[in-house]
Amino acid sequence: MPPLLQVHNLSVSFHTPQGEVQALRGINFDLAPGEILAVVGESGCGKSVMCKTLMGLLPDTAAVKSGSIRLKGQDMTHLREREMQKLRGDQLAMVFQDPMTALNPTMTIGKQIAEAILIHSPNLTREALEHQIIALMTLVGIDRPRERMALYPYNFSGGMRQRSVMAIALAGNPEILLADEPTTALDVTIQAQILDLLLDIQTRLGTATILVSHDLGVVARVANRVAVMYAGKIVEIGRAEEVYSNPRHPYTWGLMRSLPALCRGDDRLYTIPGMPPSLINPPPGDAFAPRNEYALAIDYVEEPPLFKITDTHYAATWLLDPRAPKITPPIGGAPHDH
């Protein structure tokens, strides 16, 4: 089956008074129908910019410098706003990070869901519209929908607001759902419920999902594949079981070592030393090299390609070069010497 979405060599820059910020630098991935792809990495690595680029929601200060985004074979990289509006909601929909800012505080939840439905089906009768609102609220797990459709966002908890935002996003029955850190502002129990809801929606509707998170642990329960981003690039991508059981990039090692479940009784969680680089002038070579205790001399000079580990697993690190020293991944324990 051909990919639903194909992103090839995508580079996006922002023009600022300080200089050109290279937010995305040669992103490559595809998304299969019904698949959940998790995109993980620290704040500022380009995850949200990638989602907004796919949705055509970049500000005027941003520009697509190179690459293509193909949706079912159609290149939508340089579509006009009017053309993108036809795709949003119908083909692509997005769940934003903070439901309180995504919802209108002066409108009832029912009216906001109705607004999204009527964009795609403007000739619905009042009765059919109410039926669809109730069906969407039920789909996303909002109990007593007939009663609650008359409530306002401030009447809802954080988890209920996020469910409402998901109902709005699903109103056009999109083929691809972009979920930009949908669990960040929620407590752990509600996080799990929202992730289970995403999985349930994928199962019921066959919706393909790009799930953005800064936490590898959060996405482990739902992702089919995982892409790890650092400094505007995908540095490792593979099936979830491959990335979790056999991570190959030192940055992925660092992210996994910082998970509480893998600290193995240590008093403190591991933290990756240093800070991400400025993307106004990204460093030469591997951008992660200054923070990488296993960095080789070539890491400071030449950017590593994506090395193939299996047919579905790739990582951009010179440690995978046949000439590199063999390193035992230090997942959950003390670093190994070269």
# chains A, B, ... in the order shown; residues from 1 in each chain; ligands from 1
$ residues_around --residues "Ala114 in chain A" --least-positions-apart "2" --cutoff "10 Å" --atoms "only C-alpha atoms" --output "ChimeraX atom specification"
/A:108-112,116-119,121,126,129-130,132-133,149,168,171
$ residues_around --residues "range 193-205 of chain A" --least-positions-apart "3" --cutoff "9 Å" --atoms "only C-alpha atoms" --output "ChimeraX atom specification"
/A:34-36,139-141,159,162-163,173,175,182-183,188-190,208-209,218-219,221-223
$ select_by_dssp --residues "range 252-300 of chain A" --states "helix (DSSP H, G or I)" --output "PyMOL selection string"
chain A and resi 252-257+260-262+289-291+297-300
$ write_last_selection --atoms "C-alpha atoms" --output "compact mmCIF listing (two decimals), in the first residue's frame"
# COMPACT_ATOMS: atom_id res chain seq x y z
CA THR A 252 18.10 8.42 21.77
CA TRP A 253 20.23 6.75 24.46
CA GLY A 254 20.15 9.97 26.47
CA LEU A 255 16.37 10.34 26.13
CA MET A 256 15.83 6.75 27.22
CA ARG A 257 18.28 6.95 30.13
CA PRO A 260 12.26 6.92 35.39
CA ALA A 261 11.45 3.32 34.38
CA LEU A 262 15.02 2.82 33.15
CA ALA A 289 28.45 16.22 19.02
CA PRO A 290 29.14 18.86 21.76
CA ARG A 291 26.74 16.99 24.10
CA ALA A 297 36.56 13.57 15.59
CA ILE A 298 34.53 13.38 12.37
CA ASP A 299 31.36 14.39 14.26
CA TYR A 300 32.70 17.95 14.55
$ atom_distance --atom1 "CA of Ala93 in chain A" --atom2 "CA of Leu170 in chain A"
7.2 Å
$ closest_residue --among "A:Glu42, A:Glu20, A:Asp311, A:Asp60" --to "Arg239 in chain A" --atoms "only C-alpha atoms"
A:Asp311
$ residues_around --residues "Pro282 in chain A" --least-positions-apart "5" --cutoff "9 Å" --atoms "only C-alpha atoms" --output "PyMOL selection string"
chain A and resi 21-22+231+277+287
$ closest_residue --among "A:Ala135, A:Cys51, A:Leu296, A:Ile327" --to "Arg248 in chain A" --atoms "only C-alpha atoms"
A:Ile327
$ select_by_dssp --residues "range 4-191 of chain A" --states "strand (DSSP E)" --output "ChimeraX atom specification"
/A:5-16,19-31,36-40,62-71,74-75,92-95,176-180
$ write_last_selection --atoms "N, CA and C atoms" --output "compact mmCIF listing (two decimals), in the first residue's frame"
# COMPACT_ATOMS: atom_id res chain seq x y z
N LEU A 5 1.20 9.89 3.29
CA LEU A 5 1.93 11.16 3.32
C LEU A 5 3.41 10.87 3.11
N GLN A 6 4.06 11.66 2.26
CA GLN A 6 5.49 11.53 2.01
C GLN A 6 6.16 12.90 2.17
N VAL A 7 7.08 12.99 3.10
CA VAL A 7 7.83 14.23 3.32
C VAL A 7 9.27 13.97 2.90
N HIS A 8 9.75 14.78 1.95
CA HIS A 8 11.09 14.55 1.38
C HIS A 8 11.94 15.81 1.48
N ASN A 9 13.09 15.67 2.18
CA ASN A 9 14.11 16.72 2.25
C ASN A 9 13.52 18.08 2.61
N LEU A 10 12.60 18.11 3.57
CA LEU A 10 11.89 19.35 3.92
C LEU A 10 12.75 20.23 4.81
N SER A 11 12.98 21.47 4.37
CA SER A 11 13.73 22.46 5.14
C SER A 11 12.90 23.72 5.26
N VAL A 12 12.77 24.23 6.49
CA VAL A 12 11.98 25.44 6.76
C VAL A 12 12.82 26.40 7.60
N SER A 13 12.83 27.66 7.21
CA SER A 13 13.58 28.69 7.95
C SER A 13 12.67 29.83 8.36
N PHE A 14 13.02 30.46 9.49
CA PHE A 14 12.34 31.67 9.95
C PHE A 14 13.31 32.84 9.81
N HIS A 15 12.83 33.95 9.30
CA HIS A 15 13.66 35.15 9.17
C HIS A 15 13.41 36.05 10.37
N THR A 16 14.44 36.25 11.17
CA THR A 16 14.33 37.05 12.39
C THR A 16 15.37 38.17 12.35
N GLY A 19 18.82 36.80 12.54
CA GLY A 19 19.32 36.00 11.43
C GLY A 19 18.31 34.93 11.04
N GLU A 20 18.73 34.04 10.15
CA GLU A 20 17.86 32.97 9.65
C GLU A 20 17.91 31.77 10.59
N VAL A 21 16.75 31.44 11.15
CA VAL A 21 16.64 30.27 12.03
C VAL A 21 16.26 29.06 11.18
N GLN A 22 17.16 28.08 11.11
CA GLN A 22 16.92 26.88 10.30
C GLN A 22 16.15 25.86 11.13
N ALA A 23 14.83 26.04 11.19
CA ALA A 23 14.00 25.25 12.10
C ALA A 23 13.89 23.78 11.70
N LEU A 24 13.77 23.51 10.39
CA LEU A 24 13.77 22.14 9.87
C LEU A 24 14.88 22.03 8.85
N ARG A 25 15.66 20.94 8.92
CA ARG A 25 16.85 20.82 8.06
C ARG A 25 16.87 19.44 7.40
N GLY A 26 16.15 19.33 6.30
CA GLY A 26 16.19 18.08 5.53
C GLY A 26 15.43 16.94 6.17
N ILE A 27 14.15 17.16 6.48
CA ILE A 27 13.32 16.13 7.12
C ILE A 27 12.81 15.14 6.07
N ASN A 28 12.92 13.85 6.37
CA ASN A 28 12.41 12.79 5.49
C ASN A 28 11.62 11.77 6.32
N PHE A 29 10.38 11.52 5.94
CA PHE A 29 9.62 10.41 6.53
C PHE A 29 8.37 10.19 5.69
N ASP A 30 7.73 9.05 5.91
CA ASP A 30 6.42 8.82 5.30
C ASP A 30 5.46 8.29 6.36
N LEU A 31 4.19 8.33 6.02
CA LEU A 31 3.14 7.91 6.96
C LEU A 31 2.18 7.00 6.21
N ILE A 36 0.28 5.13 13.49
CA ILE A 36 0.60 6.17 14.47
C ILE A 36 2.12 6.34 14.49
N LEU A 37 2.58 7.50 14.03
CA LEU A 37 4.01 7.84 14.04
C LEU A 37 4.24 8.84 15.15
N ALA A 38 5.08 8.49 16.11
CA ALA A 38 5.43 9.40 17.20
C ALA A 38 6.70 10.16 16.83
N VAL A 39 6.68 11.48 17.03
CA VAL A 39 7.85 12.33 16.80
C VAL A 39 8.26 12.90 18.14
N VAL A 40 9.48 12.54 18.60
CA VAL A 40 9.91 12.92 19.94
C VAL A 40 11.22 13.72 19.88
N ALA A 62 8.18 32.79 7.98
CA ALA A 62 8.74 31.46 7.68
C ALA A 62 8.68 31.19 6.19
N ALA A 63 9.59 30.35 5.72
CA ALA A 63 9.62 29.97 4.31
C ALA A 63 10.09 28.53 4.19
N VAL A 64 9.43 27.78 3.27
CA VAL A 64 9.90 26.43 2.93
C VAL A 64 11.07 26.60 1.97
N LYS A 65 12.27 26.22 2.43
CA LYS A 65 13.49 26.45 1.63
C LYS A 65 13.70 25.36 0.59
N SER A 66 13.32 24.14 0.93
CA SER A 66 13.49 23.03 -0.01
C SER A 66 12.59 21.88 0.39
N GLY A 67 12.47 20.91 -0.51
CA GLY A 67 11.74 19.69 -0.19
C GLY A 67 10.31 19.70 -0.66
N SER A 68 9.62 18.60 -0.37
CA SER A 68 8.23 18.45 -0.80
C SER A 68 7.42 17.72 0.25
N ILE A 69 6.11 18.00 0.26
CA ILE A 69 5.15 17.30 1.11
C ILE A 69 4.08 16.76 0.17
N ARG A 70 3.98 15.45 0.06
CA ARG A 70 3.00 14.85 -0.85
C ARG A 70 1.92 14.13 -0.04
N LEU A 71 0.69 14.53 -0.28
CA LEU A 71 -0.46 13.90 0.35
C LEU A 71 -1.19 13.10 -0.71
N GLN A 74 -0.19 14.06 -4.16
CA GLN A 74 -0.29 15.47 -4.54
C GLN A 74 0.70 16.31 -3.75
N ASP A 75 1.54 17.08 -4.46
CA ASP A 75 2.51 17.96 -3.78
C ASP A 75 1.77 19.18 -3.25
N LEU A 92 -6.49 16.69 6.56
CA LEU A 92 -5.57 16.91 7.68
C LEU A 92 -6.27 17.69 8.78
N ALA A 93 -6.09 17.28 10.02
CA ALA A 93 -6.62 18.04 11.15
C ALA A 93 -5.58 18.03 12.27
N MET A 94 -5.65 19.04 13.12
CA MET A 94 -4.61 19.18 14.15
C MET A 94 -5.23 19.39 15.53
N VAL A 95 -4.67 18.70 16.51
CA VAL A 95 -5.01 18.90 17.92
C VAL A 95 -3.85 19.66 18.54
N ILE A 176 -5.66 12.17 8.24
CA ILE A 176 -4.46 12.32 9.07
C ILE A 176 -4.76 13.27 10.21
N LEU A 177 -4.43 12.84 11.43
CA LEU A 177 -4.59 13.67 12.62
C LEU A 177 -3.21 14.02 13.15
N LEU A 178 -2.93 15.31 13.31
CA LEU A 178 -1.67 15.77 13.89
C LEU A 178 -1.94 16.16 15.33
N ALA A 179 -1.33 15.48 16.27
CA ALA A 179 -1.54 15.74 17.69
C ALA A 179 -0.25 16.32 18.27
N ASP A 180 -0.24 17.63 18.51
CA ASP A 180 0.96 18.34 18.95
C ASP A 180 1.00 18.38 20.47
$ residues_around --residues "Val235 in chain A" --least-positions-apart "5" --cutoff "12 Å" --atoms "only C-alpha atoms" --output "PDB file with C-alpha atoms, in the first residue's frame"
ATOM      1  CA  ARG A  25      16.846  20.820   8.061  1.00  0.00           C
ATOM      2  CA  GLY A  26      16.191  18.084   5.531  1.00  0.00           C
ATOM      3  CA  ILE A  27      13.322  16.128   7.123  1.00  0.00           C
ATOM      4  CA  ASN A  28      12.409  12.791   5.493  1.00  0.00           C
ATOM      5  CA  PHE A  29       9.621  10.408   6.530  1.00  0.00           C
ATOM      6  CA  VAL A  39       7.849  12.327  16.799  1.00  0.00           C
ATOM      7  CA  VAL A  40       9.907  12.923  19.945  1.00  0.00           C
ATOM      8  CA  GLY A  41      12.644  15.319  21.011  1.00  0.00           C
ATOM      9  CA  CYS A  45      13.924  20.699  17.983  1.00  0.00           C
ATOM     10  CA  VAL A 226       9.061   6.512  16.328  1.00  0.00           C
ATOM     11  CA  ALA A 227      11.076   9.372  14.833  1.00  0.00           C
ATOM     12  CA  VAL A 228      13.598  11.090  17.119  1.00  0.00           C
ATOM     13  CA  MET A 229      14.302  14.747  16.266  1.00  0.00           C
ATOM     14  CA  TYR A 230      17.255  16.888  17.264  1.00  0.00           C
ATOM     15  CA  VAL A 243      13.847   2.104  18.686  1.00  0.00           C
ATOM     16  CA  PRO A 247      18.301   2.448  20.045  1.00  0.00           C
ATOM     17  CA  ARG A 248      21.378   3.373  18.019  1.00  0.00           C
ATOM     18  CA  HIS A 249      21.781   7.162  18.207  1.00  0.00           C
ATOM     19  CA  PRO A 250      23.489   8.608  21.325  1.00  0.00           C
ATOM     20  CA  TYR A 251      20.708  11.201  21.626  1.00  0.00           C
ATOM     21  CA  THR A 252      18.099   8.424  21.774  1.00  0.00           C
ATOM     22  CA  TRP A 253      20.234   6.748  24.455  1.00  0.00           C
ATOM     23  CA  ASP A 286      26.718  16.401  13.915  1.00  0.00           C
ATOM     24  CA  ALA A 287      24.745  19.017  15.885  1.00  0.00           C
ATOM     25  CA  PHE A 288      24.643  16.650  18.885  1.00  0.00           C
ATOM     26  CA  GLU A 303      27.344  15.569   9.131  1.00  0.00           C
ATOM     27  CA  PRO A 304      26.517  11.842   9.380  1.00  0.00           C
ATOM     28  CA  PRO A 305      24.141  10.282   6.857  1.00  0.00           C
ATOM     29  CA  LEU A 306      21.220   8.089   7.913  1.00  0.00           C
ATOM     30  CA  PHE A 307      22.789   4.639   8.271  1.00  0.00           C
ATOM     31  CA  LYS A 308      20.520   1.669   7.586  1.00  0.00           C
ATOM     32  CA  HIS A 313      15.333   1.326  11.188  1.00  0.00           C
ATOM     33  CA  TYR A 314      17.795   4.154  10.436  1.00  0.00           C
ATOM     34  CA  ALA A 315      20.023   6.403  12.557  1.00  0.00           C
ATOM     35  CA  ALA A 316      22.277   9.362  11.690  1.00  0.00           C
ATOM     36  CA  THR A 317      25.433   8.709  13.724  1.00  0.00           C
ATOM     37  CA  TRP A 318      29.025   8.022  12.692  1.00  0.00           C
TER      38      TRP A 318
END
$ closest_residue --among "A:Ile272, A:Tyr294, A:Gly206, A:Pro17" --to "Thr61 in chain A" --atoms "only C-alpha atoms"
A:Pro17
